[in-house]
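Chemist: Data file input_31.tsv (TSV, C-alpha atoms) is appended below.
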chain	number	residue	atom	x	y	z
A	1	MET	CA	0.00	0.00	0.00
A	2	LYS	CA	1.36	3.40	-1.01
A	3	THR	CA	1.38	6.19	1.54
A	4	ASN	CA	1.28	9.94	0.97
A	5	ILE	CA	4.37	10.83	2.99
A	6	ASN	CA	6.10	13.92	1.61
A	7	ARG	CA	9.80	13.12	1.31
A	8	THR	CA	12.63	15.23	-0.09
A	9	ASP	CA	16.23	14.60	-1.05
A	10	ARG	CA	19.09	16.52	0.58
A	11	GLN	CA	18.59	19.41	-1.88
A	12	GLY	CA	14.92	19.69	-0.89
A	13	ASN	CA	13.54	18.15	-4.12
A	14	TYR	CA	10.27	16.23	-3.81
A	15	ILE	CA	10.48	12.42	-3.80
A	16	GLY	CA	7.24	10.79	-4.88
A	17	ASN	CA	5.66	7.64	-3.51
A	18	GLY	CA	5.10	5.68	-6.72
A	19	SER	CA	1.48	6.76	-7.17
A	20	CYS	CA	2.44	8.97	-10.13
A	21	HIS	CA	5.49	9.28	-12.36
A	22	VAL	CA	7.41	12.02	-14.16
A	23	ASP	CA	7.23	12.62	-17.89
A	24	TYR	CA	9.93	10.77	-19.78
A	25	THR	CA	11.20	10.28	-23.31
A	26	VAL	CA	12.35	7.14	-25.07
A	27	ILE	CA	14.83	8.02	-27.82
A	28	ASP	CA	14.21	6.37	-31.18
A	29	PHE	CA	17.16	4.30	-32.44
A	30	ASN	CA	15.57	2.89	-35.62
A	31	GLU	CA	18.85	3.33	-37.54
A	32	TYR	CA	20.54	1.06	-34.95
A	33	PRO	CA	18.55	-2.22	-35.03
A	34	GLN	CA	20.85	-3.75	-32.37
A	35	VAL	CA	19.63	-1.20	-29.78
A	36	SER	CA	16.55	-2.03	-27.74
A	37	SER	CA	14.92	-0.07	-24.94
A	38	SER	CA	12.75	-0.85	-21.94
A	39	VAL	CA	10.89	1.39	-19.48
A	40	SER	CA	10.63	0.78	-15.74
A	41	LEU	CA	8.40	2.85	-13.46
A	42	SER	CA	9.58	3.05	-9.85
A	43	GLU	CA	7.23	1.50	-7.32
A	44	THR	CA	8.40	3.75	-4.47
A	45	THR	CA	9.21	7.11	-6.09
A	46	GLU	CA	8.14	9.23	-9.07
A	47	SER	CA	11.22	8.12	-11.04
A	48	VAL	CA	11.18	6.48	-14.47
A	49	TYR	CA	14.12	4.46	-15.80
A	50	VAL	CA	14.67	3.97	-19.53
A	51	THR	CA	17.30	1.30	-20.20
A	52	TYR	CA	19.00	0.99	-23.57
A	53	GLU	CA	20.83	-2.20	-24.56
A	54	ASN	CA	23.20	-3.01	-27.40
A	55	LYS	CA	22.26	-6.62	-28.17
A	56	GLU	CA	25.52	-7.18	-30.08
A	57	ASN	CA	27.93	-6.47	-27.21
A	58	GLY	CA	25.66	-6.64	-24.13
A	59	LYS	CA	26.37	-3.06	-23.03
A	60	THR	CA	23.53	-1.21	-21.30
A	61	ILE	CA	22.93	2.29	-19.98
A	62	THR	CA	20.00	3.63	-18.00
A	63	ALA	CA	18.59	7.13	-18.36
A	64	ARG	CA	16.84	8.20	-15.16
A	65	PHE	CA	13.99	10.70	-15.22
A	66	SER	CA	13.19	12.12	-11.78
A	67	HIS	CA	12.57	15.26	-9.76
A	68	HIS	CA	15.17	14.31	-7.15
A	69	VAL	CA	18.88	13.53	-7.22
A	70	ASN	CA	20.37	10.10	-6.64
A	71	ASN	CA	23.94	8.86	-6.32
A	72	ALA	CA	23.80	6.75	-9.49
A	73	VAL	CA	23.36	9.89	-11.61
A	74	ALA	CA	25.73	11.97	-9.46
A	75	PHE	CA	28.50	9.37	-9.88
A	76	ASP	CA	27.77	8.77	-13.58
A	77	ASP	CA	26.49	5.19	-13.29
A	78	GLN	CA	23.20	6.34	-14.81
A	79	LEU	CA	22.45	9.25	-17.12
A	80	ASP	CA	20.17	12.14	-16.23
A	81	GLY	CA	17.34	11.43	-18.66
A	82	TYR	CA	16.55	15.11	-19.12
A	83	ALA	CA	20.14	15.94	-20.15
A	84	ALA	CA	21.26	12.74	-21.91
A	85	GLY	CA	21.46	13.00	-25.68
A	86	LYS	CA	21.40	10.40	-28.39
A	87	ASN	CA	25.17	10.60	-28.98
A	88	GLU	CA	26.01	10.01	-25.30
A	89	ILE	CA	23.75	6.96	-25.17
A	90	LEU	CA	25.32	5.57	-28.35
A	91	TYR	CA	28.77	6.18	-26.85
A	92	ARG	CA	27.83	4.28	-23.67
A	93	LEU	CA	26.55	1.41	-25.83
A	94	GLY	CA	29.86	1.25	-27.71
A	95	LEU	CA	28.42	2.51	-31.00
A	96	LYS	CA	30.21	5.88	-31.11
A	97	THR	CA	33.51	7.29	-29.94
A	98	ARG	CA	34.06	10.66	-28.34
A	99	THR	CA	36.88	13.12	-27.91
A	100	PHE	CA	37.07	15.56	-25.00
A	101	VAL	CA	37.76	19.17	-25.97
A	102	PRO	CA	38.62	21.29	-22.91
A	103	ASP	CA	37.35	24.84	-22.54
A	104	THR	CA	40.32	27.20	-22.51
A	105	PHE	CA	41.04	30.86	-21.98
A	106	LEU	CA	44.03	33.12	-22.53
A	107	PHE	CA	45.97	34.19	-19.45
A	108	ILE	CA	48.63	36.80	-18.79
A	109	ASN	CA	50.40	36.61	-15.45
A	110	LYS	CA	49.88	40.07	-13.94
A	111	ARG	CA	49.00	41.86	-10.74
A	112	CYS	CA	47.48	45.18	-9.81
A	113	VAL	CA	49.72	48.01	-8.64
A	114	ALA	CA	48.61	50.75	-6.26
A	115	LYS	CA	47.96	54.15	-7.85
A	116	LYS	CA	50.47	55.84	-5.50
A	117	ASP	CA	53.23	53.47	-6.72
A	118	MET	CA	52.36	54.19	-10.34
A	119	GLU	CA	52.42	57.95	-9.72
A	120	ALA	CA	55.73	57.67	-7.82
A	121	GLY	CA	57.40	56.61	-11.07
A	122	LEU	CA	58.45	53.18	-9.80
A	123	TYR	CA	57.40	51.47	-13.04
A	124	GLU	CA	57.75	51.93	-16.78
A	125	PHE	CA	54.66	51.83	-18.97
A	126	ALA	CA	54.19	49.44	-21.90
A	127	GLU	CA	53.01	50.63	-25.33
A	128	LEU	CA	50.18	48.05	-25.39
A	129	THR	CA	46.98	47.72	-23.38
A	130	ILE	CA	46.04	44.41	-21.73
A	131	LYS	CA	43.48	43.81	-24.51
A	132	GLU	CA	46.10	44.41	-27.19
A	133	MET	CA	48.39	41.92	-25.46
A	134	TYR	CA	45.63	39.29	-25.41
A	135	ASP	CA	44.93	40.04	-29.07
A	136	LEU	CA	48.49	38.94	-29.87
A	137	GLY	CA	47.26	35.37	-29.26
A	138	LYS	CA	48.40	32.24	-27.50
A	139	GLY	CA	52.15	31.95	-27.04
A	140	ALA	CA	52.87	35.58	-27.96
A	141	ASP	CA	56.13	36.89	-26.54
A	142	LEU	CA	55.58	39.53	-23.85
A	143	SER	CA	59.15	39.67	-22.56
A	144	ALA	CA	59.50	43.26	-23.80
A	145	TYR	CA	56.64	44.22	-21.43
A	146	THR	CA	57.57	42.09	-18.40
A	147	GLY	CA	57.97	44.35	-15.36
A	148	LYS	CA	56.05	47.20	-17.01
A	149	ILE	CA	52.54	48.56	-16.44
A	150	ALA	CA	50.14	47.87	-19.31
A	151	LYS	CA	48.97	51.03	-21.09
A	152	ASN	CA	45.80	52.63	-19.62
A	153	SER	CA	45.72	50.24	-16.63
A	154	ASN	CA	47.33	49.48	-13.30
A	155	TYR	CA	48.36	45.92	-14.30
A	156	LEU	CA	52.03	45.03	-13.81
A	157	ILE	CA	52.97	42.40	-16.37
A	158	LEU	CA	54.74	39.50	-14.63
A	159	GLY	CA	54.65	36.84	-17.33
A	160	SER	CA	56.73	36.64	-20.47
A	161	LYS	CA	54.07	35.19	-22.80
A	162	VAL	CA	50.34	34.87	-23.37
A	163	GLU	CA	49.42	31.48	-21.96
A	164	GLU	CA	46.43	29.24	-22.60
A	165	GLU	CA	44.80	27.77	-19.48
A	166	VAL	CA	42.11	25.11	-19.16
A	167	LYS	CA	38.91	25.95	-17.27
A	168	THR	CA	38.40	23.74	-14.21
A	169	SER	CA	35.81	23.12	-11.54
A	170	THR	CA	35.43	20.91	-8.46
A	171	ASN	CA	33.37	17.73	-8.78
A	172	ILE	CA	31.13	16.08	-6.19
A	173	LEU	CA	34.16	14.31	-4.67
A	174	GLY	CA	36.10	17.56	-4.23
A	175	GLN	CA	38.48	16.76	-7.10
A	176	GLU	CA	39.53	19.37	-9.65
A	177	VAL	CA	38.24	18.43	-13.11
A	178	GLN	CA	38.59	20.05	-16.51
A	179	LEU	CA	35.56	21.69	-18.09
A	180	GLY	CA	34.80	21.18	-21.74
A	181	ARG	CA	32.62	19.30	-24.19
A	182	TYR	CA	32.68	16.06	-26.11
A	183	LEU	CA	32.80	15.64	-29.86
A	184	TYR	CA	31.19	12.40	-30.99
A	185	ASN	CA	32.24	10.34	-34.04
Reformat the file's structure so that it appears as structure tokens.

Modeler:
Amino acid sequence: MKTNINRTDRQGNYIGNGSCHVDYTVIDFNEYPQVSSSVSLSETTESVYVTYENKENGKTITARFSHHVNNAVAFDDQLDGYAAGKNEILYRLGLKTRTFVPDTFLFINKRCVAKKDMEAGLYEFAELTIKEMYDLGKGADLSAYTGKIAKNSNYLILGSKVEEEVKTSTNILGQEVQLGRYLYN
């Protein structure tokens, strides 16, 4: 017998009791006859699980549709059904490959200098602005400007070249991970 107890996950999202289920989508893989799908409605929550299987190699992946978070999605054992795309499912089934392309940005090692130090004549000024230095592109030689203040700013140039850095974030385990996107083949 199902009860009407209101439960929430640790983020405060509603957890159903199995009396109703969320909307879900089953992706059509007609061009891949070896892929089959099955739908499972949770008996204790509002969640719906769509499992895809590659009958040729036995690989499976489950896309979970739900209002609340679970560890299987957080730790990448299941896909978030609302975010999972056709290419990612095909990759998990061994039918596509993917290449990670990190998000990058240009970086010049610099620091701000106090206005009083600039006015005291402690530093020389460069002929280029910070923007003009970035416009030189990745790997550009800035050694002629190292130790100088960039034009129209209070930035002291410390680096000797324009560097390219990878954007990072912290994952659920507290580890630093690269940000980017996947290209599927």

Chemist: Calculated over all atoms listed in the file, which of the candidates A:Asn54, A:Gln34, A:Thr97, A:Thr45 has the smallest distance to Cys20 of chain A?

Modeler: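 Residue with the minimum atom-to-atom distance to Cys20 of chain A: A:Thr45.
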
Chemist: Determine the nearest neighbour of Leu90 of chain A from the options A:Phe125, A:Tyr184, A:Tyr49, A:Tyr145, counting only C-alpha atoms.

Modeler: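 Going through A:Phe125, A:Tyr184, A:Tyr49, A:Tyr145 one by one, the smallest distance to Leu90 of chain A is for A:Tyr184.
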
Chemist: Identify, on the basis of only C-alpha atoms, every residue whose closest approach to segment 129-133 of chain A does not exceed 7 Å; exclude the query and any residue fewer than 6 positions from it along the same chain; express the result as a CSV table (one decimal) with C-alpha atoms, keeping the file's coordinate frame.

Modeler:
chain,number,residue,atom,x,y,z
A,150,ALA,CA,50.1,47.9,-19.3
A,151,LYS,CA,49.0,51.0,-21.1
A,152,ASN,CA,45.8,52.6,-19.6

Chemist: Taking all atoms listed in the file into account, name the residue in A:Val35, A:Ile89, A:Ala126, A:Val177 that is nearest to Ile61 of chain A.

Modeler: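 Of A:Val35, A:Ile89, A:Ala126, A:Val177, the one nearest Ile61 of chain A is A:Ile89, counting all atoms listed in the file.
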
Chemist: Env of Gly16 of chain A: 10 Å cut, atoms = all atoms listed in the file, seq-sep filter 3 positions within chain, self excluded. Answer as number ranges by chain.

Modeler: A: 3-8, 13, 19-22, 42-47, 66-68

Chemist: State, in Å with one decimal place, the distance from atom CA of Ser169 of chain A to atom CA of Asp103 of chain A.

Modeler: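 Straight-line distance from atom CA of Ser169 of chain A to atom CA of Asp103 of chain A works out to 11.2 Å.
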
Chemist: What's the 9 Å shell around Lys59 of chain A, counting all atoms listed in the file, without same-chain residues fewer than 3 positions away, as a list of chain:residue names?

Modeler: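 Selected residues are A:Tyr52, A:Glu53, A:Asn54, A:Lys55, A:Glu56, A:Arg92, A:Leu93, A:Gly94.
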
Chemist: So, counting all atoms listed in the file, which residue among A:Tyr134, A:Phe100, A:Tyr82, A:Phe105 is closest to Gly180 of chain A?

Modeler: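 Of A:Tyr134, A:Phe100, A:Tyr82, A:Phe105, the one nearest Gly180 of chain A, counting all atoms listed in the file, is A:Phe100.
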